[in-house]
file start.cif (mmCIF, C-alpha atoms)
data_start
loop_
_atom_site.group_PDB
_atom_site.id
_atom_site.type_symbol
_atom_site.label_atom_id
_atom_site.label_comp_id
_atom_site.auth_asym_id
_atom_site.auth_seq_id
_atom_site.Cartn_x
_atom_site.Cartn_y
_atom_site.Cartn_z
ATOM 1 C CA PRO K 2 7.736 -22.933 1.889
ATOM 2 C CA GLU K 3 5.803 -23.859 -1.243
ATOM 3 C CA TRP K 4 2.446 -22.955 0.292
ATOM 4 C CA ALA K 5 3.393 -19.363 0.953
ATOM 5 C CA ASN K 6 1.468 -16.552 -0.677
ATOM 6 C CA ARG K 7 3.983 -14.321 -2.437
ATOM 7 C CA ASP K 8 1.375 -11.826 -3.690
ATOM 8 C CA LEU K 9 2.591 -9.376 -1.083
ATOM 9 C CA ALA K 10 0.504 -6.464 -2.334
ATOM 10 C CA SER K 11 -2.445 -6.977 -4.629
ATOM 11 C CA ASP K 12 -2.212 -3.520 -6.184
ATOM 12 C CA GLU K 13 1.432 -3.640 -7.235
ATOM 13 C CA LYS K 14 3.777 -6.000 -9.014
ATOM 14 C CA VAL K 15 6.348 -7.209 -6.515
ATOM 15 C CA ARG K 16 9.667 -9.007 -6.697
ATOM 16 C CA ASP K 17 10.310 -11.955 -4.376
ATOM 17 C CA GLY K 18 13.258 -11.760 -2.023
ATOM 18 C CA PHE K 19 15.408 -14.357 -0.299
ATOM 19 C CA ARG K 20 14.183 -16.327 2.692
ATOM 20 C CA CYS K 21 15.701 -17.323 5.996
ATOM 21 C CA HIS K 22 16.278 -20.993 6.783
ATOM 22 C CA HIS K 23 14.430 -21.243 10.091
ATOM 23 C CA TYR K 24 11.251 -22.739 8.611
ATOM 24 C CA ASP K 25 10.407 -26.254 9.778
ATOM 25 C CA ALA K 26 7.207 -27.800 8.411
ATOM 26 C CA GLU K 27 7.102 -30.182 11.405
ATOM 27 C CA ASP K 28 7.110 -27.358 13.949
ATOM 28 C CA PRO K 29 3.650 -25.827 14.538
ATOM 29 C CA LYS K 30 5.013 -22.386 15.341
ATOM 30 C CA PHE K 31 5.875 -22.044 11.633
ATOM 31 C CA THR K 32 2.595 -23.440 10.305
ATOM 32 C CA THR K 33 -0.153 -22.385 12.737
ATOM 33 C CA PRO K 34 -2.040 -19.453 11.186
ATOM 34 C CA TYR K 35 -2.267 -16.185 13.086
ATOM 35 C CA GLU K 36 -5.369 -14.013 13.113
ATOM 36 C CA TRP K 37 -3.988 -10.695 11.891
ATOM 37 C CA LYS K 38 -5.799 -7.623 13.154
ATOM 38 C CA TYR K 39 -3.706 -4.777 11.732
ATOM 39 C CA CYS K 40 -1.064 -6.062 9.275
ATOM 40 C CA GLU K 41 -2.278 -6.998 5.807
ATOM 41 C CA GLY K 42 -1.383 -10.025 3.678
ATOM 42 C CA MET K 43 1.302 -11.407 5.980
ATOM 43 C CA GLU K 44 1.878 -15.068 6.819
ATOM 44 C CA VAL K 45 3.398 -17.134 9.596
ATOM 45 C CA GLY K 46 6.556 -18.939 8.445
ATOM 46 C CA GLU K 47 7.479 -16.264 5.910
ATOM 47 C CA THR K 48 10.532 -13.970 5.878
ATOM 48 C CA TYR K 49 10.210 -10.197 6.104
ATOM 49 C CA GLU K 50 12.758 -7.401 6.322
ATOM 50 C CA VAL K 51 12.075 -4.234 8.310
ATOM 51 C CA HIS K 52 13.713 -0.878 7.545
ATOM 52 C CA TRP K 53 13.942 1.952 10.052
ATOM 53 C CA PRO K 54 15.048 5.181 8.301
ATOM 54 C CA HIS K 55 16.840 7.827 10.364
ATOM 55 C CA SER K 56 17.494 11.380 9.280
ATOM 56 C CA ALA K 57 19.019 14.597 10.515
ATOM 57 C CA ALA K 58 16.786 16.281 7.933
ATOM 58 C CA GLY K 59 13.602 14.687 9.198
ATOM 59 C CA ALA K 60 11.267 15.314 12.107
ATOM 60 C CA CYS K 61 12.829 13.037 14.727
ATOM 61 C CA GLY K 62 11.463 13.550 18.199
ATOM 62 C CA THR K 63 8.223 15.144 16.984
ATOM 63 C CA VAL K 64 4.736 13.798 16.323
ATOM 64 C CA ASN K 65 5.641 13.779 12.632
ATOM 65 C CA GLN K 66 8.614 11.459 13.093
ATOM 66 C CA TYR K 67 6.949 8.478 11.384
ATOM 67 C CA GLN K 68 5.535 9.003 7.895
ATOM 68 C CA SER K 69 4.660 7.105 4.724
ATOM 69 C CA PRO K 70 6.183 7.038 2.207
ATOM 70 C CA PHE K 71 9.408 7.129 4.186
ATOM 71 C CA TYR K 72 10.876 9.774 1.839
ATOM 72 C CA ASP K 73 8.448 12.190 3.472
ATOM 73 C CA GLY K 74 9.800 11.344 6.896
ATOM 74 C CA VAL K 75 13.518 11.481 6.193
ATOM 75 C CA PHE K 76 13.401 14.648 4.084
ATOM 76 C CA CYS K 77 10.382 16.443 5.566
ATOM 77 C CA ASN K 78 12.441 19.333 6.961
ATOM 78 C CA LEU K 79 14.613 19.625 3.884
ATOM 79 C CA ASP K 80 13.311 21.597 0.916
ATOM 80 C CA MET K 81 14.912 21.301 -2.515
ATOM 81 C CA GLU K 82 17.053 24.406 -2.060
ATOM 82 C CA ALA K 83 18.483 23.084 1.209
ATOM 83 C CA PHE K 84 19.024 19.675 -0.373
ATOM 84 C CA GLN K 85 20.950 21.229 -3.249
ATOM 85 C CA ASN K 86 23.019 23.320 -0.827
ATOM 86 C CA ILE K 87 24.080 20.201 1.076
ATOM 87 C CA VAL K 88 25.148 18.484 -2.133
ATOM 88 C CA ALA K 89 26.942 21.616 -3.356
ATOM 89 C CA THR K 90 28.892 22.160 -0.145
ATOM 90 C CA ALA K 91 29.456 18.625 1.154
ATOM 91 C CA GLY K 92 28.888 16.519 -1.949
ATOM 92 C CA ALA K 93 27.155 13.168 -1.855
ATOM 93 C CA GLN K 94 28.718 12.466 1.543
ATOM 94 C CA GLY K 95 26.568 15.229 2.974
ATOM 95 C CA ILE K 96 23.438 13.191 2.259
ATOM 96 C CA ALA K 97 25.081 9.950 3.398
ATOM 97 C CA SER K 98 25.978 11.602 6.703
ATOM 98 C CA ALA K 99 22.458 12.951 7.205
ATOM 99 C CA VAL K 100 20.313 9.963 6.236
ATOM 100 C CA GLY K 101 20.671 6.319 7.229
ATOM 101 C CA VAL K 102 18.666 3.116 7.537
ATOM 102 C CA HIS K 103 18.699 0.282 10.049
ATOM 103 C CA GLY K 104 17.585 -3.083 8.644
ATOM 104 C CA GLN K 105 16.696 -6.383 10.267
ATOM 105 C CA VAL K 106 15.344 -9.655 8.830
ATOM 106 C CA PHE K 107 12.789 -11.889 10.551
ATOM 107 C CA THR K 108 10.964 -15.172 10.144
ATOM 108 C CA ILE K 109 7.470 -14.869 11.603
ATOM 109 C CA VAL K 110 6.376 -17.560 14.067
ATOM 110 C CA ASN K 111 3.140 -18.105 15.932
ATOM 111 C CA ASP K 112 4.803 -18.221 19.331
ATOM 112 C CA ASP K 113 4.631 -15.347 21.800
ATOM 113 C CA SER K 114 7.876 -16.379 23.474
ATOM 114 C CA TYR K 115 9.400 -14.456 20.538
ATOM 115 C CA TYR K 116 7.384 -11.321 21.282
ATOM 116 C CA TYR K 117 8.948 -7.851 21.065
ATOM 117 C CA GLY K 118 6.375 -5.143 21.637
ATOM 118 C CA ASP K 119 8.192 -2.009 20.530
ATOM 119 C CA MET K 120 9.402 -2.634 16.971
ATOM 120 C CA MET K 121 8.135 0.824 16.029
ATOM 121 C CA ARG K 122 11.017 2.502 17.845
ATOM 122 C CA GLY K 123 13.849 0.897 15.925
ATOM 123 C CA MET K 124 16.111 -2.085 15.414
ATOM 124 C CA ILE K 125 15.858 -4.692 18.151
ATOM 125 C CA ILE K 126 19.073 -4.951 20.147
ATOM 126 C CA ASP K 127 18.821 -7.911 22.472
ATOM 127 C CA GLY K 128 21.157 -10.902 22.678
ATOM 128 C CA ASP K 129 22.148 -11.810 19.117
ATOM 129 C CA MET K 130 19.722 -9.262 17.708
ATOM 130 C CA GLY K 131 21.432 -6.131 16.442
ATOM 131 C CA LYS K 132 24.873 -7.496 17.287
ATOM 132 C CA ASP K 133 26.505 -8.520 13.990
ATOM 133 C CA ILE K 134 26.045 -5.475 11.744
ATOM 134 C CA ALA K 135 27.072 -4.822 8.139
ATOM 135 C CA TYR K 136 27.742 -1.165 7.297
ATOM 136 C CA TYR K 137 27.618 0.090 3.719
ATOM 137 C CA THR K 138 26.506 2.966 1.503
ATOM 138 C CA GLY K 139 23.564 2.304 -0.770
ATOM 139 C CA SER K 140 20.313 3.937 -1.733
ATOM 140 C CA THR K 141 16.597 3.614 -1.241
ATOM 141 C CA THR K 142 15.204 0.244 -2.262
ATOM 142 C CA GLY K 143 12.082 -1.565 -3.440
ATOM 143 C CA THR K 144 10.597 -3.235 -6.495
ATOM 144 C CA SER K 145 10.684 -0.006 -8.520
ATOM 145 C CA ARG K 146 14.509 0.081 -8.313
ATOM 146 C CA ASP K 147 16.848 -2.224 -10.235
ATOM 147 C CA ASN K 148 20.051 -2.159 -12.273
ATOM 148 C CA THR K 149 18.380 0.046 -14.895
ATOM 149 C CA MET K 150 16.263 2.378 -12.778
ATOM 150 C CA CYS K 151 18.389 3.902 -10.032
ATOM 151 C CA SER K 152 17.218 5.591 -6.866
ATOM 152 C CA SER K 153 17.086 9.380 -6.712
ATOM 153 C CA TYR K 154 18.207 9.218 -3.091
ATOM 154 C CA ALA K 155 21.825 8.141 -2.761
ATOM 155 C CA PRO K 156 24.131 7.568 -1.101
ATOM 156 C CA ILE K 157 22.288 6.400 2.006
ATOM 157 C CA THR K 158 24.168 4.869 4.933
ATOM 158 C CA TRP K 159 22.863 1.379 5.759
ATOM 159 C CA GLN K 160 23.399 -0.624 8.937
ATOM 160 C CA VAL K 161 21.921 -4.099 8.561
ATOM 161 C CA ASP K 162 21.800 -7.011 10.981
ATOM 162 C CA ARG K 163 23.537 -9.948 9.272
ATOM 163 C CA LYS K 164 21.512 -12.530 11.184
ATOM 164 C CA CYS K 165 17.967 -13.706 10.511
ATOM 165 C CA HIS K 166 15.817 -13.811 13.647
ATOM 166 C CA MET K 167 12.534 -15.394 14.621
ATOM 167 C CA ILE K 168 9.832 -13.059 15.881
ATOM 168 C CA SER K 169 6.191 -13.550 16.815
ATOM 169 C CA ALA K 170 3.358 -12.613 14.495
ATOM 170 C CA SER K 171 1.899 -10.616 17.383
ATOM 171 C CA SER K 172 5.041 -8.452 17.386
ATOM 172 C CA PHE K 173 4.431 -7.468 13.773
ATOM 173 C CA ASP K 174 0.727 -6.923 14.420
ATOM 174 C CA LYS K 175 1.647 -4.591 17.288
ATOM 175 C CA LEU K 176 3.970 -2.726 14.903
ATOM 176 C CA CYS K 177 1.142 -2.310 12.400
ATOM 177 C CA TYR K 178 -1.140 -1.108 15.205
ATOM 178 C CA ASP K 179 1.437 1.498 16.222
ATOM 179 C CA MET K 180 1.732 2.633 12.601
ATOM 180 C CA LYS K 181 -2.023 3.174 12.455
ATOM 181 C CA MET K 182 -1.771 5.374 15.538
ATOM 182 C CA GLN K 183 0.584 7.906 13.921
ATOM 183 C CA ARG K 184 -0.523 11.344 12.761
ATOM 184 C CA ASP K 185 0.434 10.561 9.162
ATOM 185 C CA ASP K 186 -1.491 7.949 7.175
ATOM 186 C CA MET K 187 0.817 4.917 7.130
ATOM 187 C CA SER K 188 -1.729 2.489 5.692
ATOM 188 C CA SER K 189 0.394 2.013 2.555
ATOM 189 C CA ASP K 190 3.030 0.261 4.691
ATOM 190 C CA LEU K 191 0.765 -2.171 6.545
ATOM 191 C CA HIS K 192 1.564 -4.821 3.922
ATOM 192 C CA ALA K 193 4.943 -6.124 2.790
ATOM 193 C CA HIS K 194 6.577 -4.658 -0.313
ATOM 194 C CA GLY K 195 8.717 -6.379 -2.928
ATOM 195 C CA SER K 196 12.484 -6.717 -2.965
ATOM 196 C CA ARG K 197 15.035 -4.861 -5.010
ATOM 197 C CA GLU K 198 16.973 -6.725 -7.680
ATOM 198 C CA LEU K 199 20.472 -7.536 -6.441
ATOM 199 C CA VAL K 200 22.807 -4.700 -7.350
ATOM 200 C CA HIS K 201 25.339 -5.544 -10.054
ATOM 201 C CA HIS K 202 28.887 -5.246 -8.715
ATOM 202 C CA ASP K 203 29.625 -2.520 -11.296
ATOM 203 C CA TYR K 204 27.217 -0.271 -9.399
ATOM 204 C CA VAL K 205 28.332 -1.166 -5.882
ATOM 205 C CA GLY K 206 30.013 1.572 -3.854
ATOM 206 C CA ASN K 207 33.814 1.542 -4.185
ATOM 207 C CA ASN K 208 34.365 2.130 -0.477
ATOM 208 C CA GLN K 209 34.077 -1.488 0.644
ATOM 209 C CA HIS K 210 36.732 -2.956 2.890
ATOM 210 C CA TYR K 211 37.764 -6.598 3.132
ATOM 211 C CA PRO K 212 40.523 -8.012 5.333
ATOM 212 C CA ASP K 213 41.668 -9.897 2.220
ATOM 213 C CA SER K 214 43.227 -7.162 0.065
ATOM 214 C CA ASN K 215 43.151 -9.369 -3.062
ATOM 215 C CA ARG K 216 39.382 -9.639 -2.780
ATOM 216 C CA GLN K 217 39.196 -5.888 -2.334
ATOM 217 C CA ARG K 218 41.131 -5.215 -5.540
ATOM 218 C CA LYS K 219 39.064 -7.723 -7.483
ATOM 219 C CA PHE K 220 35.641 -6.337 -6.685
ATOM 220 C CA LEU K 221 36.187 -2.600 -6.266
ATOM 221 C CA ARG K 222 36.163 -0.122 -9.107
ATOM 222 C CA ALA K 223 39.225 2.043 -9.640
#

call {"tool": "encode", "arguments": {"input": "start.cif", "output": "structure tokens"}}
result
Amino acid sequence: PEWANRDLASDEKVRDGFRCHHYDAEDPKFTTPYEWKYCEGMEVGETYEVHWPHSAAGACGTVNQYQSPFYDGVFCNLDMEAFQNIVATAGAQGIASAVGVHGQVFTIVNDDSYYYGDMMRGMIIDGDMGKDIAYYTGSTTGTSRDNTMCSSYAPITWQVDRKCHMISASSFDKLCYDMKMQRDDMSSDLHAHGSRELVHHDYVGNNQHYPDSNRQRKFLRA
């Protein structure tokens, strides 16, 4: 919507991302403001993507499981020597096998019939949510990464819900509350961050699979 505030974080230059198509200016659940208590700078009717990193080299199952920035969480039990050993013995696939991200895209509505109270724990799997998944190898993301500045952390295994879902503003506010309750200071993630520039096909992983073999030959590097 034209009214939306795209200054997602006042202290950093951000890149706008794509939006879902749920928004309806005639439907009050997309236009009625929500009184945010814990999330910062978010708006009803806008589109947001949530990433849940997972790592065999992190602190899963401990009080230190959730950290900001997320690099700290996924690599917190992996010093540089161990990291280099993984790459030396298993190659890049060793990192891809150890670190992955779940992703899901939402349009925020002011309607508690779309409430999910445990977003902190991972991707929502309920009905159409978490059902149609795209799997691919990529890297870490964000405004600081583009087709010139690559990520230092690659390849990362991504599993992303292809669908865009509606979710209540109160669900996100509960997520931000849960983040504030963690041992680590997660305040830097209480606001939305910018999007990564679309990756040029020359830099896309060459392990994609399409049922149409002609399409596969056209877009994959030799």

call {"tool": "resolve_selection", "arguments": {"input": "start.cif", "expression": "the PyMOL selection byres ((chain K and resi 89-102) around 7)", "output": "list in words"}}
result
His52, Trp53, Pro54, His55, Ser56, Ala57, Ala58, Val75, Gln85, Asn86, Ile87, Val88, His103, Gly104, Pro156, Ile157, Thr158, Trp159 and Gln160 of chain K

call {"tool": "write_last_selection", "arguments": {"input": "start.cif", "atoms": "C-alpha atoms", "output": "PDB file, keeping the file's coordinate frame"}}
result
ATOM      1  CA  HIS K  52      13.713  -0.878   7.545  1.00  0.00           C
ATOM      2  CA  TRP K  53      13.942   1.952  10.052  1.00  0.00           C
ATOM      3  CA  PRO K  54      15.048   5.181   8.301  1.00  0.00           C
ATOM      4  CA  HIS K  55      16.840   7.827  10.364  1.00  0.00           C
ATOM      5  CA  SER K  56      17.494  11.380   9.280  1.00  0.00           C
ATOM      6  CA  ALA K  57      19.019  14.597  10.515  1.00  0.00           C
ATOM      7  CA  ALA K  58      16.786  16.281   7.933  1.00  0.00           C
ATOM      8  CA  VAL K  75      13.518  11.481   6.193  1.00  0.00           C
ATOM      9  CA  GLN K  85      20.950  21.229  -3.249  1.00  0.00           C
ATOM     10  CA  ASN K  86      23.019  23.320  -0.827  1.00  0.00           C
ATOM     11  CA  ILE K  87      24.080  20.201   1.076  1.00  0.00           C
ATOM     12  CA  VAL K  88      25.148  18.484  -2.133  1.00  0.00           C
ATOM     13  CA  HIS K 103      18.699   0.282  10.049  1.00  0.00           C
ATOM     14  CA  GLY K 104      17.585  -3.083   8.644  1.00  0.00           C
ATOM     15  CA  PRO K 156      24.131   7.568  -1.101  1.00  0.00           C
ATOM     16  CA  ILE K 157      22.288   6.400   2.006  1.00  0.00           C
ATOM     17  CA  THR K 158      24.168   4.869   4.933  1.00  0.00           C
ATOM     18  CA  TRP K 159      22.863   1.379   5.759  1.00  0.00           C
ATOM     19  CA  GLN K 160      23.399  -0.624   8.937  1.00  0.00           C
TER      20      GLN K 160
END

call {"tool": "axis_aligned_box", "arguments": {"input": "start.cif", "around": "region 167-173 of chain K", "padding_each_side": "4 Å", "output": "lines of an AutoDock Vina configuration file"}}
result
center_x = 7.2
center_y = -11.4
center_z = 15.6
size_x = 18.6
size_y = 15.9
size_z = 11.6

call {"tool": "resolve_selection", "arguments": {"input": "start.cif", "expression": "the PyMOL selection byres ((chain K and resi 186) around 12)", "output": "list in words"}}
result
Asn65, Tyr67, Gln68, Ser69, Pro70, Phe71, Asp73, Gly74, Cys177, Asp179, Met180, Lys181, Met182, Gln183, Arg184, Asp185, Met187, Ser188, Ser189, Asp190 and Leu191 of chain K

call {"tool": "write_last_selection", "arguments": {"input": "start.cif", "atoms": "C-alpha atoms", "output": "mmCIF file, keeping the file's coordinate frame"}}
result
data_model
loop_
_atom_site.group_PDB
_atom_site.id
_atom_site.type_symbol
_atom_site.label_atom_id
_atom_site.label_comp_id
_atom_site.auth_asym_id
_atom_site.auth_seq_id
_atom_site.Cartn_x
_atom_site.Cartn_y
_atom_site.Cartn_z
ATOM 1 C CA ASN K 65 5.641 13.779 12.632
ATOM 2 C CA TYR K 67 6.949 8.478 11.384
ATOM 3 C CA GLN K 68 5.535 9.003 7.895
ATOM 4 C CA SER K 69 4.660 7.105 4.724
ATOM 5 C CA PRO K 70 6.183 7.038 2.207
ATOM 6 C CA PHE K 71 9.408 7.129 4.186
ATOM 7 C CA ASP K 73 8.448 12.190 3.472
ATOM 8 C CA GLY K 74 9.800 11.344 6.896
ATOM 9 C CA CYS K 177 1.142 -2.310 12.400
ATOM 10 C CA ASP K 179 1.437 1.498 16.222
ATOM 11 C CA MET K 180 1.732 2.633 12.601
ATOM 12 C CA LYS K 181 -2.023 3.174 12.455
ATOM 13 C CA MET K 182 -1.771 5.374 15.538
ATOM 14 C CA GLN K 183 0.584 7.906 13.921
ATOM 15 C CA ARG K 184 -0.523 11.344 12.761
ATOM 16 C CA ASP K 185 0.434 10.561 9.162
ATOM 17 C CA MET K 187 0.817 4.917 7.130
ATOM 18 C CA SER K 188 -1.729 2.489 5.692
ATOM 19 C CA SER K 189 0.394 2.013 2.555
ATOM 20 C CA ASP K 190 3.030 0.261 4.691
ATOM 21 C CA LEU K 191 0.765 -2.171 6.545
#

call {"tool": "residues_around", "arguments": {"input": "start.cif", "residues": "Thr144 (chain K)", "least_positions_apart": "4", "cutoff": "7 Å", "atoms": "all atoms listed in the file", "output": "number ranges by chain"}}
result
K: 15-16, 195-197

call {"tool": "residues_around", "arguments": {"input": "start.cif", "residues": "Cys165 (chain K)", "least_positions_apart": "5", "cutoff": "9 Å", "atoms": "all atoms listed in the file", "output": "PyMOL selection string"}}
result
chain K and resi 21-23+48+105-108+130

call {"tool": "closest_residue", "arguments": {"input": "start.cif", "among": "K:Gly59, K:Gly206, K:Gly118, K:Pro34", "to": "Ala155 (chain K)", "atoms": "all atoms listed in the file"}}
result
K:Gly206

call {"tool": "atom_distance", "arguments": {"input": "start.cif", "atom1": "CA of Ser114 (chain K)", "atom2": "CA of Thr33 (chain K)"}}
result
14.7 Å

call {"tool": "closest_atom_pairs", "arguments": {"input": "start.cif", "of": "region 22-135 of chain K", "to": "region 166-172 of chain K", "cutoff": "6 Å", "atoms": "only C-alpha atoms", "output": "JSON lines"}}
result
{"residue": "K:Phe107", "atom": "CA", "partner": "K:His166", "partner_atom": "CA", "distance": 4.7}
{"residue": "K:Thr108", "atom": "CA", "partner": "K:Met167", "partner_atom": "CA", "distance": 4.7}
{"residue": "K:Ile109", "atom": "CA", "partner": "K:Ile168", "partner_atom": "CA", "distance": 5.2}
{"residue": "K:Val110", "atom": "CA", "partner": "K:Ser169", "partner_atom": "CA", "distance": 4.9}
{"residue": "K:Asn111", "atom": "CA", "partner": "K:Ser169", "partner_atom": "CA", "distance": 5.6}
{"residue": "K:Asp112", "atom": "CA", "partner": "K:Ser169", "partner_atom": "CA", "distance": 5.5}
{"residue": "K:Asp113", "atom": "CA", "partner": "K:Ser169", "partner_atom": "CA", "distance": 5.5}
{"residue": "K:Tyr115", "atom": "CA", "partner": "K:Ile168", "partner_atom": "CA", "distance": 4.9}
{"residue": "K:Tyr116", "atom": "CA", "partner": "K:Ser169", "partner_atom": "CA", "distance": 5.1}
{"residue": "K:Tyr117", "atom": "CA", "partner": "K:Ser172", "partner_atom": "CA", "distance": 5.4}
{"residue": "K:Gly118", "atom": "CA", "partner": "K:Ser172", "partner_atom": "CA", "distance": 5.5}

call {"tool": "closest_residue", "arguments": {"input": "start.cif", "among": "K:Lys132, K:Arg146, K:His194, K:His201", "to": "Glu50 (chain K)", "atoms": "all atoms listed in the file"}}
result
K:His194

call {"tool": "atom_distance", "arguments": {"input": "start.cif", "atom1": "CA of Thr32 (chain K)", "atom2": "CA of Val45 (chain K)"}}
result
6.4 Å

call {"tool": "decode", "arguments": {"input": "start.cif", "residues": "region 123-141 of chain K", "atoms": "N, CA and C atoms", "output": "compact mmCIF listing (two decimals), in the first residue's frame"}}
result
# COMPACT_ATOMS: atom_id res chain seq x y z
N GLY K 123 9.83 -21.76 15.72
CA GLY K 123 10.14 -22.20 14.37
C GLY K 123 9.00 -21.99 13.39
N MET K 124 9.24 -22.41 12.16
CA MET K 124 8.26 -22.28 11.09
C MET K 124 6.91 -22.85 11.51
N ILE K 125 5.85 -22.13 11.17
CA ILE K 125 4.50 -22.60 11.49
C ILE K 125 4.09 -23.68 10.49
N ILE K 126 3.72 -24.82 10.99
CA ILE K 126 3.23 -25.92 10.16
C ILE K 126 1.81 -26.22 10.60
N ASP K 127 0.87 -25.73 9.80
CA ASP K 127 -0.54 -25.86 10.16
C ASP K 127 -1.38 -25.59 8.92
N GLY K 128 -2.11 -26.57 8.43
CA GLY K 128 -2.87 -26.40 7.21
C GLY K 128 -1.95 -26.14 6.03
N ASP K 129 -2.16 -25.02 5.34
CA ASP K 129 -1.31 -24.68 4.20
C ASP K 129 0.03 -24.09 4.63
N MET K 130 0.17 -23.77 5.89
CA MET K 130 1.43 -23.20 6.37
C MET K 130 2.50 -24.28 6.48
N GLY K 131 3.65 -24.02 5.90
CA GLY K 131 4.75 -24.97 5.98
C GLY K 131 4.52 -26.22 5.17
N LYS K 132 3.69 -26.14 4.14
CA LYS K 132 3.35 -27.33 3.35
C LYS K 132 4.06 -27.36 2.00
N ASP K 133 4.08 -26.23 1.30
CA ASP K 133 4.69 -26.16 -0.03
C ASP K 133 6.06 -25.49 0.12
N ILE K 134 7.11 -26.29 0.18
CA ILE K 134 8.44 -25.80 0.55
C ILE K 134 9.40 -25.84 -0.63
N ALA K 135 10.15 -24.75 -0.81
CA ALA K 135 11.26 -24.72 -1.78
C ALA K 135 12.56 -24.98 -1.03
N TYR K 136 13.38 -25.88 -1.57
CA TYR K 136 14.67 -26.21 -0.96
C TYR K 136 15.79 -25.72 -1.89
N TYR K 137 16.77 -25.04 -1.34
CA TYR K 137 17.88 -24.59 -2.18
C TYR K 137 19.08 -24.23 -1.30
N THR K 138 20.24 -24.16 -1.92
CA THR K 138 21.44 -23.71 -1.21
C THR K 138 21.66 -22.24 -1.52
N GLY K 139 21.96 -21.48 -0.50
CA GLY K 139 22.18 -20.05 -0.65
C GLY K 139 23.21 -19.58 0.35
N SER K 140 22.94 -18.43 0.93
CA SER K 140 23.88 -17.87 1.91
C SER K 140 23.09 -17.04 2.90
N THR K 141 23.80 -16.35 3.77
CA THR K 141 23.12 -15.39 4.64
C THR K 141 22.66 -14.22 3.78
